[in-house]
Amino acid sequence: HVQLQASGGGLVQAGGSLRLSCAASGSRFNVNVMGWYRQAPGKQREFIALIGSGGRPDYVDSVKGRFIISRDNAKNTVYLQMNRLKPEDTGVYYCKLSTINPTEDYWGEGTLVTVSS
């Protein structure tokens with residue numbers, strides 16, 4: 001069983017920065033893709049960014065140029081550096097880990113990010 005622990009959320013003014021972290025732990029697993037999703041108040045969860053096992057990132061258009069996703073494979077940890085934050089970035093951020101052999105998806109509990117105008 002894999003557990004994900006996310007941290008780094010908080011309250012920040014527009015234009016500020018935050019760094020989210022999500023560490024995976026548990027029984028032996030082979031990490032494939034790690035990513036971040038966001039659920040804004042009253043909205044469905046949406047994709048924000050992911051990074052493959054080879055380090056190639058992908059982003060939703062609304063965060064390109066502002067957010068940077070990275071990973072530390074030795075620590076099974078994924079990060080999301082969020083810069084130039086906007087009020088519309090407010091929401092609960094969830095990390096997701098996809099494994100191979102077997103193929104499974106795991107979700108963290110989420111960390112709240114609030115951006116004030």
# chains A, B, ... in the order shown; residues from 1 in each chain; ligands from 1
>>> residues_around(residues="Arg71 of chain A", least_positions_apart="6", cutoff="12 Å", atoms="only C-alpha atoms", output="JSON, numbers by chain")
{"A": [20, 21, 22, 23, 24, 31, 32, 33, 34, 35, 36, 49, 50, 51, 52, 53, 54, 55, 56, 57, 77, 78, 79, 80, 81, 95, 97]}
>>> residues_around(residues="segment 14-18 of chain A", least_positions_apart="6", cutoff="6 Å", atoms="only C-alpha atoms", output="list in words")
Met82, Asn83, Arg84, Leu85, Lys86, Val115, Ser116 and Ser117 of chain A
>>> closest_residue(among="A:Pro87, A:Glu46, A:Asn76, A:Arg19", to="Ser7 of chain A", atoms="only C-alpha atoms")
A:Arg19
>>> select_by_dssp(residues="chain A", states="strand (DSSP E or B)", output="PyMOL selection string")
chain A and resi 2-7+10-13+18-26+30-39+46-51+57-59+67-72+77-82+91-100+104-107+111-116
>>> write_last_selection(atoms="C-alpha atoms", output="PDB file, in the first residue's frame")
ATOM      1  CA  VAL A   2       1.289   3.469  -0.949  1.00  0.00           C
ATOM      2  CA  GLN A   3       0.657   6.621   1.067  1.00  0.00           C
ATOM      3  CA  LEU A   4       1.111  10.171  -0.150  1.00  0.00           C
ATOM      4  CA  GLN A   5       1.731  13.077   2.179  1.00  0.00           C
ATOM      5  CA  ALA A   6       1.348  16.551   0.717  1.00  0.00           C
ATOM      6  CA  SER A   7       2.495  19.746   2.370  1.00  0.00           C
ATOM      7  CA  GLY A  10      -1.087  28.158   2.862  1.00  0.00           C
ATOM      8  CA  LEU A  11      -2.288  31.717   2.433  1.00  0.00           C
ATOM      9  CA  VAL A  12      -0.374  34.008   0.107  1.00  0.00           C
ATOM     10  CA  GLN A  13      -1.001  37.321  -1.576  1.00  0.00           C
ATOM     11  CA  LEU A  18       4.518  28.721  -2.640  1.00  0.00           C
ATOM     12  CA  ARG A  19       6.199  25.361  -2.964  1.00  0.00           C
ATOM     13  CA  LEU A  20       4.214  22.193  -2.545  1.00  0.00           C
ATOM     14  CA  SER A  21       5.760  18.835  -1.739  1.00  0.00           C
ATOM     15  CA  CYS A  22       4.321  15.345  -1.886  1.00  0.00           C
ATOM     16  CA  ALA A  23       6.227  12.358  -0.553  1.00  0.00           C
ATOM     17  CA  ALA A  24       5.288   8.767  -1.260  1.00  0.00           C
ATOM     18  CA  SER A  25       5.919   5.977   1.203  1.00  0.00           C
ATOM     19  CA  GLY A  26       4.834   2.435   1.856  1.00  0.00           C
ATOM     20  CA  ASN A  30       7.651   1.452  -9.119  1.00  0.00           C
ATOM     21  CA  VAL A  31       6.834   5.098  -9.638  1.00  0.00           C
ATOM     22  CA  ASN A  32       5.881   6.142 -13.136  1.00  0.00           C
ATOM     23  CA  VAL A  33       4.109   9.478 -13.381  1.00  0.00           C
ATOM     24  CA  MET A  34       3.702  11.993 -10.581  1.00  0.00           C
ATOM     25  CA  GLY A  35       1.372  14.934 -10.828  1.00  0.00           C
ATOM     26  CA  TRP A  36      -0.682  17.668  -9.250  1.00  0.00           C
ATOM     27  CA  TYR A  37      -4.370  18.431  -9.537  1.00  0.00           C
ATOM     28  CA  ARG A  38      -6.441  21.258  -8.154  1.00  0.00           C
ATOM     29  CA  GLN A  39     -10.014  21.511  -6.974  1.00  0.00           C
ATOM     30  CA  GLU A  46      -8.607  19.595 -12.708  1.00  0.00           C
ATOM     31  CA  PHE A  47      -5.188  18.651 -13.985  1.00  0.00           C
ATOM     32  CA  ILE A  48      -2.371  21.112 -13.224  1.00  0.00           C
ATOM     33  CA  ALA A  49       0.948  19.430 -13.982  1.00  0.00           C
ATOM     34  CA  LEU A  50       2.661  16.076 -14.272  1.00  0.00           C
ATOM     35  CA  ILE A  51       6.165  14.749 -14.670  1.00  0.00           C
ATOM     36  CA  PRO A  57       6.926  17.882 -17.533  1.00  0.00           C
ATOM     37  CA  ASP A  58       3.508  18.815 -18.822  1.00  0.00           C
ATOM     38  CA  TYR A  59       1.277  21.673 -17.665  1.00  0.00           C
ATOM     39  CA  PHE A  67       4.541  26.785 -12.107  1.00  0.00           C
ATOM     40  CA  ILE A  68       7.410  24.315 -12.187  1.00  0.00           C
ATOM     41  CA  ILE A  69       7.012  20.642 -11.389  1.00  0.00           C
ATOM     42  CA  SER A  70      10.008  18.550 -10.383  1.00  0.00           C
ATOM     43  CA  ARG A  71      10.709  15.246  -8.717  1.00  0.00           C
ATOM     44  CA  ASP A  72      13.330  13.555  -6.581  1.00  0.00           C
ATOM     45  CA  THR A  77       8.850  13.069  -3.848  1.00  0.00           C
ATOM     46  CA  VAL A  78       7.243  15.467  -6.287  1.00  0.00           C
ATOM     47  CA  TYR A  79       7.331  19.249  -5.947  1.00  0.00           C
ATOM     48  CA  LEU A  80       5.311  22.088  -7.390  1.00  0.00           C
ATOM     49  CA  GLN A  81       6.924  25.508  -7.325  1.00  0.00           C
ATOM     50  CA  MET A  82       4.152  28.044  -7.827  1.00  0.00           C
ATOM     51  CA  GLY A  91      -8.016  25.543  -4.268  1.00  0.00           C
ATOM     52  CA  VAL A  92      -7.082  22.246  -2.711  1.00  0.00           C
ATOM     53  CA  TYR A  93      -4.063  20.765  -4.427  1.00  0.00           C
ATOM     54  CA  TYR A  94      -3.836  16.998  -4.671  1.00  0.00           C
ATOM     55  CA  CYS A  95      -0.828  14.973  -5.683  1.00  0.00           C
ATOM     56  CA  LYS A  96      -1.247  11.824  -7.701  1.00  0.00           C
ATOM     57  CA  LEU A  97       1.167   8.979  -8.174  1.00  0.00           C
ATOM     58  CA  SER A  98       0.855   6.373 -10.880  1.00  0.00           C
ATOM     59  CA  THR A  99       2.808   3.157 -10.573  1.00  0.00           C
ATOM     60  CA  ILE A 100       3.637   0.381 -12.979  1.00  0.00           C
ATOM     61  CA  GLU A 104      -2.184   1.761  -9.851  1.00  0.00           C
ATOM     62  CA  ASP A 105      -3.110   5.358  -9.087  1.00  0.00           C
ATOM     63  CA  TYR A 106      -2.762   6.865  -5.631  1.00  0.00           C
ATOM     64  CA  TRP A 107      -3.966  10.230  -4.358  1.00  0.00           C
ATOM     65  CA  THR A 111      -3.238  20.746   0.730  1.00  0.00           C
ATOM     66  CA  LEU A 112      -5.113  24.049   0.644  1.00  0.00           C
ATOM     67  CA  VAL A 113      -3.724  27.021  -1.241  1.00  0.00           C
ATOM     68  CA  THR A 114      -5.458  30.365  -0.813  1.00  0.00           C
ATOM     69  CA  VAL A 115      -4.380  33.359  -2.875  1.00  0.00           C
ATOM     70  CA  SER A 116      -5.742  36.693  -1.742  1.00  0.00           C
TER      71      SER A 116
END
>>> atom_distance(atom1="atom CA of Glu88 of chain A", atom2="atom CA of Lys43 of chain A")
11.7 Å
>>> atom_distance(atom1="atom CA of Asp89 of chain A", atom2="atom CA of Val63 of chain A")
8.7 Å
>>> atom_distance(atom1="atom CA of Pro41 of chain A", atom2="atom CA of Gly110 of chain A")
13.4 Å
>>> select_by_dssp(residues="segment 30-93 of chain A", states="helix (DSSP H, G or I)", output="PyMOL selection string")
chain A and resi 61-63+73-75+87-89
>>> decode(residues="segment 52-81 of chain A", atoms="N, CA and C atoms", output="short mmCIF file (atom, residue, chain, number, x, y, z; two decimals), in the first residue's frame")
data_model
loop_
_atom_site.label_atom_id
_atom_site.label_comp_id
_atom_site.auth_asym_id
_atom_site.auth_seq_id
_atom_site.Cartn_x
_atom_site.Cartn_y
_atom_site.Cartn_z
N GLY A 52 6.89 12.84 -15.91
CA GLY A 52 7.10 11.42 -16.16
C GLY A 52 8.36 10.91 -15.49
N SER A 53 8.56 9.62 -15.61
CA SER A 53 9.72 9.00 -14.98
C SER A 53 11.02 9.52 -15.57
N GLY A 54 10.98 9.98 -16.80
CA GLY A 54 12.17 10.53 -17.43
C GLY A 54 12.38 12.00 -17.16
N GLY A 55 11.45 12.61 -16.42
CA GLY A 55 11.60 14.01 -16.06
C GLY A 55 10.92 15.00 -16.97
N ARG A 56 10.18 14.50 -17.96
CA ARG A 56 9.53 15.43 -18.89
C ARG A 56 8.26 15.97 -18.26
N PRO A 57 8.11 17.30 -18.16
CA PRO A 57 6.93 17.88 -17.53
C PRO A 57 5.83 18.23 -18.54
N ASP A 58 4.63 18.36 -18.02
CA ASP A 58 3.51 18.82 -18.82
C ASP A 58 2.64 19.67 -17.91
N TYR A 59 2.04 20.73 -18.47
CA TYR A 59 1.28 21.67 -17.67
C TYR A 59 -0.03 22.03 -18.36
N VAL A 60 -1.01 22.39 -17.55
CA VAL A 60 -2.20 23.00 -18.10
C VAL A 60 -1.81 24.42 -18.53
N ASP A 61 -2.46 24.91 -19.58
CA ASP A 61 -2.05 26.20 -20.14
C ASP A 61 -2.06 27.34 -19.12
N SER A 62 -2.99 27.31 -18.19
CA SER A 62 -3.17 28.43 -17.27
C SER A 62 -2.00 28.61 -16.30
N VAL A 63 -1.13 27.61 -16.16
CA VAL A 63 0.00 27.73 -15.23
C VAL A 63 1.34 27.73 -15.93
N LYS A 64 1.35 27.55 -17.23
CA LYS A 64 2.62 27.54 -17.96
C LYS A 64 3.35 28.86 -17.77
N GLY A 65 4.65 28.75 -17.50
CA GLY A 65 5.46 29.94 -17.27
C GLY A 65 5.42 30.43 -15.83
N ARG A 66 4.53 29.87 -15.01
CA ARG A 66 4.44 30.29 -13.61
C ARG A 66 4.75 29.15 -12.65
N PHE A 67 4.33 27.95 -12.97
CA PHE A 67 4.54 26.78 -12.11
C PHE A 67 5.64 25.90 -12.69
N ILE A 68 6.38 25.26 -11.78
CA ILE A 68 7.41 24.32 -12.19
C ILE A 68 7.26 23.04 -11.37
N ILE A 69 7.10 21.93 -12.06
CA ILE A 69 7.01 20.64 -11.39
C ILE A 69 8.37 19.95 -11.48
N SER A 70 8.75 19.29 -10.39
CA SER A 70 10.01 18.55 -10.38
C SER A 70 9.84 17.33 -9.47
N ARG A 71 10.80 16.44 -9.55
CA ARG A 71 10.71 15.25 -8.72
C ARG A 71 12.09 14.81 -8.27
N ASP A 72 12.11 14.15 -7.12
CA ASP A 72 13.33 13.55 -6.58
C ASP A 72 13.05 12.06 -6.49
N ASN A 73 13.56 11.32 -7.44
CA ASN A 73 13.25 9.89 -7.50
C ASN A 73 13.80 9.12 -6.29
N ALA A 74 14.92 9.57 -5.76
CA ALA A 74 15.50 8.89 -4.59
C ALA A 74 14.59 9.01 -3.37
N LYS A 75 13.85 10.10 -3.31
CA LYS A 75 12.96 10.35 -2.17
C LYS A 75 11.50 10.07 -2.52
N ASN A 76 11.22 9.64 -3.75
CA ASN A 76 9.83 9.44 -4.19
C ASN A 76 8.98 10.65 -3.86
N THR A 77 9.51 11.81 -4.19
CA THR A 77 8.85 13.07 -3.85
C THR A 77 8.68 13.92 -5.11
N VAL A 78 7.51 14.55 -5.19
CA VAL A 78 7.24 15.47 -6.29
C VAL A 78 7.00 16.85 -5.70
N TYR A 79 7.46 17.87 -6.40
CA TYR A 79 7.33 19.25 -5.95
C TYR A 79 6.56 20.08 -6.98
N LEU A 80 5.95 21.13 -6.50
CA LEU A 80 5.31 22.09 -7.39
C LEU A 80 5.67 23.49 -6.90
N GLN A 81 6.56 24.13 -7.64
CA GLN A 81 6.92 25.51 -7.33
C GLN A 81 5.93 26.42 -8.04
#
